[in-house]
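> File name run_1.txt; file contents compact mmCIF, C-alpha atoms; full text below.
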# COMPACT_ATOMS: atom_id res chain seq x y z
CA MET A 1 38.85 54.27 90.86
CA GLY A 2 37.82 54.34 94.54
CA LYS A 3 39.03 56.69 97.24
CA ARG A 4 41.38 53.98 98.55
CA GLY A 5 43.09 53.71 95.15
CA VAL A 6 43.63 57.49 94.98
CA SER A 7 45.18 57.57 98.47
CA THR A 8 47.58 54.75 97.56
CA LEU A 9 48.69 56.60 94.40
CA ILE A 10 49.31 59.87 96.31
CA SER A 11 51.35 57.99 98.93
CA ILE A 12 53.54 56.43 96.23
CA ILE A 13 54.15 59.86 94.57
CA LEU A 14 55.11 61.43 97.92
CA LEU A 15 57.55 58.62 98.72
CA ILE A 16 59.20 59.01 95.30
CA SER A 17 59.50 62.82 95.80
CA ILE A 18 61.06 62.39 99.22
CA ALA A 19 63.55 59.85 97.91
CA VAL A 20 64.58 62.16 95.04
CA SER A 21 64.97 65.14 97.41
CA VAL A 22 67.16 63.15 99.81
CA SER A 23 69.33 61.96 96.91
CA ILE A 24 69.84 65.52 95.65
CA ILE A 25 70.75 66.79 99.14
CA LEU A 26 73.27 63.96 99.64
CA TYR A 27 74.82 64.68 96.22
CA LEU A 28 75.20 68.42 96.88
CA TRP A 29 76.68 67.73 100.31
CA GLY A 30 79.22 65.42 98.76
CA GLN A 31 80.17 68.06 96.17
CA GLY A 32 80.86 70.66 98.88
CA PHE A 33 77.92 72.96 98.08
CA PHE A 34 77.09 73.23 101.78
CA SER A 35 79.49 74.60 104.36
CA SER A 36 79.30 76.15 107.79
CA THR A 37 77.93 79.68 108.22
CA SER A 38 81.22 80.86 109.75
CA GLU A 39 83.02 80.04 106.51
CA THR A 40 80.65 81.74 104.06
CA ILE A 41 79.47 84.85 105.90
CA LYS A 42 82.18 87.36 106.77
CA PRO A 43 81.36 90.41 108.89
CA GLU A 44 81.77 93.74 107.07
CA ARG A 45 84.93 95.64 108.05
CA ALA A 46 84.16 98.41 110.49
CA LYS A 47 84.63 101.89 109.02
CA SER A 48 85.53 105.38 110.13
CA PHE A 49 83.13 108.16 109.22
CA PHE A 50 83.90 111.86 109.47
CA SER A 51 81.60 114.73 110.24
CA ILE A 52 82.40 118.43 109.75
CA GLU A 53 81.17 120.39 112.77
CA GLY A 54 82.16 123.91 111.64
CA VAL A 55 84.29 125.93 109.19
CA ASP A 56 86.26 129.13 109.82
CA PRO A 57 88.10 130.94 106.96
CA VAL A 58 91.42 132.41 108.17
CA TYR A 59 92.17 135.99 107.09
CA ASP A 60 95.49 137.63 106.17
CA ASP A 61 95.89 141.43 105.96
CA GLU A 62 98.53 141.48 103.22
CA LEU A 63 96.55 139.14 101.02
CA ASP A 64 93.36 141.04 101.86
CA GLY A 65 91.69 137.67 101.75
CA TYR A 66 91.80 134.18 103.25
CA TYR A 67 94.84 131.93 103.21
CA ALA A 68 93.26 128.76 104.66
CA LEU A 69 90.16 127.14 106.08
CA ARG A 70 90.05 125.74 109.58
CA ALA A 71 87.45 123.04 110.05
CA LEU A 72 86.33 121.24 113.18
CA VAL A 73 86.19 117.58 112.17
CA ARG A 74 84.99 114.58 114.18
CA ASN A 75 85.46 110.87 113.56
CA ILE A 76 81.97 109.55 114.29
CA GLY A 77 82.90 106.00 113.30
CA SER A 78 83.79 103.05 115.51
CA THR A 79 87.40 102.68 114.30
CA PRO A 80 90.39 105.00 113.88
CA GLY A 81 90.53 106.79 110.54
CA GLU A 82 92.80 109.00 108.47
CA LEU A 83 91.78 112.07 106.48
CA THR A 84 93.24 111.89 102.98
CA SER A 85 91.81 114.89 101.09
CA ALA A 86 89.28 117.68 101.10
CA TYR A 87 86.83 118.91 98.49
CA ILE A 88 85.24 122.32 98.10
CA GLY A 89 82.65 123.27 95.52
CA SER A 90 79.48 125.06 94.58
CA THR A 91 76.69 123.93 92.29
CA SER A 92 78.80 124.83 89.24
CA ALA A 93 82.17 123.21 90.00
CA ILE A 94 84.05 120.97 92.40
CA SER A 95 87.81 121.21 92.86
CA LYS A 96 90.02 118.88 94.86
CA GLY A 97 92.34 120.37 97.47
CA ASP A 98 95.00 119.30 99.91
CA LEU A 99 94.47 118.81 103.62
CA ALA A 100 96.87 118.92 106.55
CA VAL A 101 96.74 119.24 110.31
CA ILE A 102 99.05 121.83 111.88
CA GLY A 103 100.96 120.43 114.85
CA GLY A 104 99.57 116.92 114.53
CA ASN A 105 98.79 114.14 112.09
CA GLU A 106 95.72 113.21 110.10
CA THR A 107 94.80 110.12 112.13
CA PHE A 108 91.68 110.32 114.31
CA GLU A 109 90.72 107.86 117.01
CA SER A 110 87.11 106.78 117.16
CA ARG A 111 84.91 109.71 118.33
CA GLU A 112 87.90 112.07 118.34
CA GLU A 113 87.49 115.70 117.26
CA LYS A 114 90.27 117.91 115.83
CA LEU A 115 90.72 121.34 114.30
CA VAL A 116 92.31 120.89 110.88
CA THR A 117 93.78 123.50 108.53
CA MET A 118 93.18 123.22 104.78
CA THR A 119 94.51 125.01 101.73
CA PHE A 120 93.40 124.59 98.13
CA ASP A 121 95.25 124.58 94.83
CA LYS A 122 92.63 126.74 93.10
CA VAL A 123 91.44 130.26 93.89
CA VAL A 124 88.05 130.17 95.62
CA ASP A 125 86.07 133.36 95.05
CA GLN A 126 83.61 134.74 97.56
CA GLY A 127 80.32 132.89 97.65
CA LEU A 128 78.44 129.93 99.09
CA TYR A 129 80.26 126.57 99.13
CA ASN A 130 80.09 122.99 100.32
CA LEU A 131 83.08 121.36 102.03
CA GLN A 132 83.65 117.61 102.30
CA VAL A 133 86.51 115.60 103.76
CA ALA A 134 87.49 112.12 102.65
CA SER A 135 89.12 109.12 104.29
CA TYR A 136 90.11 105.79 102.77
CA ASP A 137 86.70 104.47 103.80
CA SER A 138 84.24 107.24 103.20
CA LEU A 139 83.33 110.77 102.18
CA SER A 140 81.72 113.07 104.72
CA ALA A 141 78.39 114.76 104.24
CA PRO A 142 78.80 118.28 102.77
CA PHE A 143 79.03 121.22 105.17
CA GLN A 144 77.75 124.48 103.71
CA PHE A 145 79.44 127.79 104.51
CA SER A 146 80.07 131.16 102.88
CA ILE A 147 83.14 133.37 102.40
CA ASP A 148 83.01 137.12 101.82
CA LYS A 149 86.53 137.43 100.37
CA THR A 150 88.77 135.39 98.10
CA LEU A 151 90.47 132.25 99.42
CA TYR A 152 93.88 132.27 97.73
CA VAL A 153 95.90 129.37 96.40
CA GLY A 154 97.91 127.65 99.12
CA HIS A 155 99.97 124.60 100.04
CA ILE A 156 100.59 122.87 103.36
CA VAL A 157 103.80 120.81 103.61
CA ARG A 158 105.76 119.04 106.31
CA LEU A 159 109.52 119.02 106.65
CA GLU A 160 111.79 116.56 108.46
CA THR A 161 115.46 117.17 109.23
CA SER A 162 116.19 114.69 106.41
CA ASN A 163 114.78 117.10 103.81
CA ASP A 164 118.16 118.60 102.91
CA ALA A 165 119.19 120.22 99.60
CA SER A 166 119.30 116.82 97.92
CA ASN A 167 115.86 115.86 99.23
CA LYS A 168 113.77 119.02 98.85
CA VAL A 169 110.02 119.20 99.37
CA THR A 170 108.35 120.76 96.32
CA ALA A 171 104.88 121.89 95.25
CA GLU A 172 103.36 123.44 92.15
CA ASP A 173 100.20 125.19 90.97
CA GLU A 174 99.25 127.23 87.90
CA TYR A 175 101.00 130.34 89.30
CA ALA A 176 104.26 129.19 90.86
CA THR A 177 106.57 126.39 91.90
CA TYR A 178 107.75 126.08 95.51
CA GLU A 179 110.77 124.54 97.25
CA TRP A 180 111.67 123.93 100.89
CA TRP A 181 114.76 122.34 102.40
CA VAL A 182 116.67 122.08 105.69
CA SER A 183 120.34 122.45 106.64
CA SER A 184 122.13 122.10 109.98
CA SER A 185 123.24 125.35 111.60
CA GLY A 186 125.23 125.58 114.85
CA GLY A 187 123.66 122.49 116.38
CA ASN A 188 120.19 123.53 115.24
CA TYR A 189 118.59 123.90 111.82
CA LYS A 190 117.87 126.48 109.13
CA ILE A 191 114.86 126.18 106.82
CA TYR A 192 115.02 127.65 103.31
CA PHE A 193 112.05 128.41 101.09
CA ARG A 194 111.75 129.68 97.50
CA ILE A 195 108.82 130.72 95.30
CA TYR A 196 109.37 130.82 91.52
CA ALA A 197 106.85 132.63 89.32
CA LYS A 198 105.72 130.73 86.24
CA PRO A 199 106.12 132.24 82.74
CA GLY A 200 103.46 134.86 82.04
CA VAL A 201 102.38 135.12 85.70
CA THR A 202 102.88 138.19 87.89
CA ILE A 203 102.72 137.46 91.60
CA SER A 204 101.83 140.42 93.81
CA VAL A 205 101.88 138.95 97.34
CA CYS A 206 103.55 135.89 98.88
CA ARG A 207 102.90 134.51 102.32
CA GLU A 208 104.66 131.69 104.20
CA GLU A 209 104.23 130.70 107.84
CA LEU A 210 106.17 128.14 109.87
CA PHE A 211 104.81 125.95 112.69
CA ALA A 212 106.67 123.59 115.01
CA ASN A 213 105.26 120.16 115.83
CA ASP A 214 103.27 121.58 118.76
CA GLY A 215 101.25 123.82 116.45
CA GLU A 216 103.05 127.00 117.55
CA HIS A 217 105.79 129.05 115.92
CA PRO A 218 109.29 127.69 116.68
CA ASP A 219 110.45 129.23 119.95
CA TRP A 220 113.59 130.95 118.68
CA VAL A 221 112.09 132.07 115.36
CA GLY A 222 109.02 133.57 117.02
CA SER A 223 107.15 136.26 115.12
CA TRP A 224 109.60 135.97 112.20
CA SER A 225 107.85 132.68 111.44
CA LEU A 226 105.30 134.68 109.42
CA TRP A 227 106.84 136.06 106.22
CA HIS A 228 105.30 138.34 103.55
CA TRP A 229 106.60 139.57 100.20
CA THR A 230 104.56 142.45 98.75
CA SER A 231 106.58 143.59 95.69
CA SER A 232 105.31 142.19 92.37
CA PHE A 233 107.59 139.87 90.41
CA THR A 234 107.36 137.61 87.41
CA TYR A 235 109.32 134.92 85.58
CA PRO A 236 112.23 134.25 85.73
CA ASN A 237 112.47 135.93 89.14
CA TRP A 238 111.92 134.26 92.48
CA VAL A 239 111.62 135.26 96.14
CA GLY A 240 112.46 133.48 99.36
CA ALA A 241 114.13 133.62 102.74
CA GLU A 242 115.34 131.43 105.64
CA TRP A 243 114.02 130.62 109.09
CA GLN A 244 116.52 130.00 111.89
CA PRO A 245 117.31 128.67 114.40
CA VAL A 246 114.84 125.78 114.57
CA ARG A 247 115.56 123.11 117.18
CA GLY A 248 115.65 119.44 116.30
CA ASP A 249 112.91 118.63 118.81
CA GLU A 250 110.56 121.01 116.96
CA PHE A 251 110.53 118.77 113.86
CA PRO A 252 108.59 117.77 111.89
CA VAL A 253 107.63 121.35 111.07
CA THR A 254 104.68 122.47 108.97
CA VAL A 255 104.67 125.31 106.44
CA VAL A 256 101.62 127.07 105.02
CA ALA A 257 102.44 128.91 101.76
CA ASN A 258 100.22 131.18 99.63
CA VAL A 259 100.46 133.44 96.60
CA LYS A 260 98.21 136.18 95.23
CA THR A 261 98.38 137.30 91.59
Mind converting the file's structure to structure tokens?

Amino acid sequence: MGKRGVSTLISIILLISIAVSVSIILYLWGQGFFSSTSETIKPERAKSFFSIEGVDPVYDDELDGYYALRALVRNIGSTPGELTSAYIGSTSAISKGDLAVIGGNETFESREEKLVTMTFDKVVDQGLYNLQVASYDSLSAPFQFSIDKTLYVGHIVRLETSNDASNKVTAEDEYATYEWWVSSSGGNYKIYFRIYAKPGVTISVCREELFANDGEHPDWVGSWSLWHWTSSFTYPNWVGAEWQPVRGDEFPVTVVANVKT
């Protein structure tokens, strides 16, 4: 076969291939396999990311140890974000804790920085630890710090005027159960709190501190906002007291509670 015959054969094969390709494309188009880019590619939702800038354990004389951690936290993301929990751990164990912000809420605007106060539902002995904070979107990088005394079990709760005796705020850990509630008193409010030792547990020190919604002690409660109990007790006994008067405009209030066994 001459060169002319080979060229003719190649041309025929190419024409058949092109015709088949066009037919396949037209069939797929008709079946809806192709659509616009705007319909198939959706931009990823922007996220908030948190960074811990520093950690400061907060000391209490009666506990002879720490009752909370204060951490400087920044939202380094491009959207507002909300802190949901905190984690503290060493190389041997990680335990989940609660997080709250005294005198504010947990929502951060983009690039905003806040000082947050954290307590944990497990005793943290002295040593070297990593702290992380979590949002709905992400978990921060660990921040390493050390404590030279024990960080005792604690709880941070918020109370509204609606938290009356039929709508108490409660908490629990392996040592005690806790209750808080509010009642009206002479045009203002009284806040009650109780700590009940669990069976087989002897509690040696209790600490509770009250903060108004500006992050300070309520004006008319003043220095009485910090309460200590230093006589040991065990089940079925309980301890507690009342704070008053607290103005309505100082709600929601925040309570930090701790026990030492």
> Nearest residue to Ala100 in chain A out of A:Ile88, A:Leu69, A:Val55, A:Val153, using all atoms listed in the file?
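Among the listed residues, the smallest separation from Ala100 in chain A belongs to A:Leu69.
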> Take CA of Val259 in chain A and CA of Tyr178 in chain A and report the distance between them in Å, one decimal.
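If I compute the distance from CA of Val259 in chain A to CA of Tyr178 in chain A, I get 10.4 Å.
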> May I ask for the distance between CA of Ser78 in chain A and CA of Ser110 in chain A, given in Å to one decimal place?
5.3 Å
> Looking at A:Glu209, A:Asp56, A:Asp125, A:Glu160, which one is nearest to Arg70 in chain A, with distances taken over only C-alpha atoms?
A:Asp56
> Using Å and a single decimal, report how far CA of Arg207 in chain A sits from CA of Ala171 in chain A.
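Straight-line distance from CA of Ala171 in chain A to CA of Arg207 in chain A works out to 14.6 Å.
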> List the spatial neighbours of Gly65 in chain A as a list in words - criterion: any atom at most 6 Å away, only C-alpha atoms, same-chain residues fewer than 5 positions off excluded.
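Once the adjacent positions are removed, what remains is Tyr59, Asp60, Lys149 and Thr150 of chain A.
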> Dump as an mmCIF file with C-alpha atoms, in the frame of the given file all residues having an atom at most 7 Å from (93.6, 104.4, 112.1), computed in the file's coordinates with all atoms listed in the file.

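Output file part.cif follows:
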data_model
loop_
_atom_site.group_PDB
_atom_site.id
_atom_site.type_symbol
_atom_site.label_atom_id
_atom_site.label_comp_id
_atom_site.auth_asym_id
_atom_site.auth_seq_id
_atom_site.Cartn_x
_atom_site.Cartn_y
_atom_site.Cartn_z
ATOM 1 C CA THR A 79 87.400 102.680 114.300
ATOM 2 C CA PRO A 80 90.390 105.000 113.880
ATOM 3 C CA GLY A 81 90.530 106.790 110.540
ATOM 4 C CA GLU A 82 92.800 109.000 108.470
ATOM 5 C CA THR A 107 94.800 110.120 112.130
ATOM 6 C CA PHE A 108 91.680 110.320 114.310
ATOM 7 C CA GLU A 109 90.720 107.860 117.010
#
> Which one of A:Gly186, A:Lys198, A:Asn163, A:Lys47 sits closest to Tyr136 in chain A if you count all atoms listed in the file?
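The closest residue to Tyr136 in chain A is A:Lys47.
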> Can you pull out the residues contacting Leu72 in chain A? Cut-off 6 Å, using only C-alpha atoms, and skip same-chain residues under 2 positions away; I want them as a CSV table (one decimal) with C-alpha atoms, in the coordinates of the input.

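And here's result_3.csv as it stands now:
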chain,number,residue,atom,x,y,z
A,52,ILE,CA,82.4,118.4,109.8
A,53,GLU,CA,81.2,120.4,112.8
A,54,GLY,CA,82.2,123.9,111.6
A,114,LYS,CA,90.3,117.9,115.8
A,115,LEU,CA,90.7,121.3,114.3
> Neighbourhood query: residues within 12 Å of (105.4, 135.5, 108.2), file coordinates, counting all atoms listed in the file; return as JSON, numbers by chain.
{"A": [60, 61, 62, 63, 205, 206, 207, 208, 209, 210, 211, 217, 221, 222, 223, 224, 225, 226, 227, 228, 229, 230, 240, 241, 242, 243, 255, 256, 257, 258]}
> Looking at A:Ala86, A:Leu128, A:Ala134, A:Leu99, which one is nearest to Asp148 in chain A, with distances taken over only C-alpha atoms?
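Answer, going by the shortest atom-to-atom distance: A:Leu128.
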> Counting only C-alpha atoms, which residue out of A:Arg74, A:Lys260, A:His155, A:Lys190 sits closest to Thr117 in chain A?
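For Thr117 in chain A, the nearest of the given residues is A:His155.
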> Restricting the calculation to only C-alpha atoms, which member of A:Met118, A:Leu151, A:Val246, A:Val253 is positioned closest to Gln132 in chain A?
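Distance minimum relative to Gln132 in chain A lands on A:Met118.
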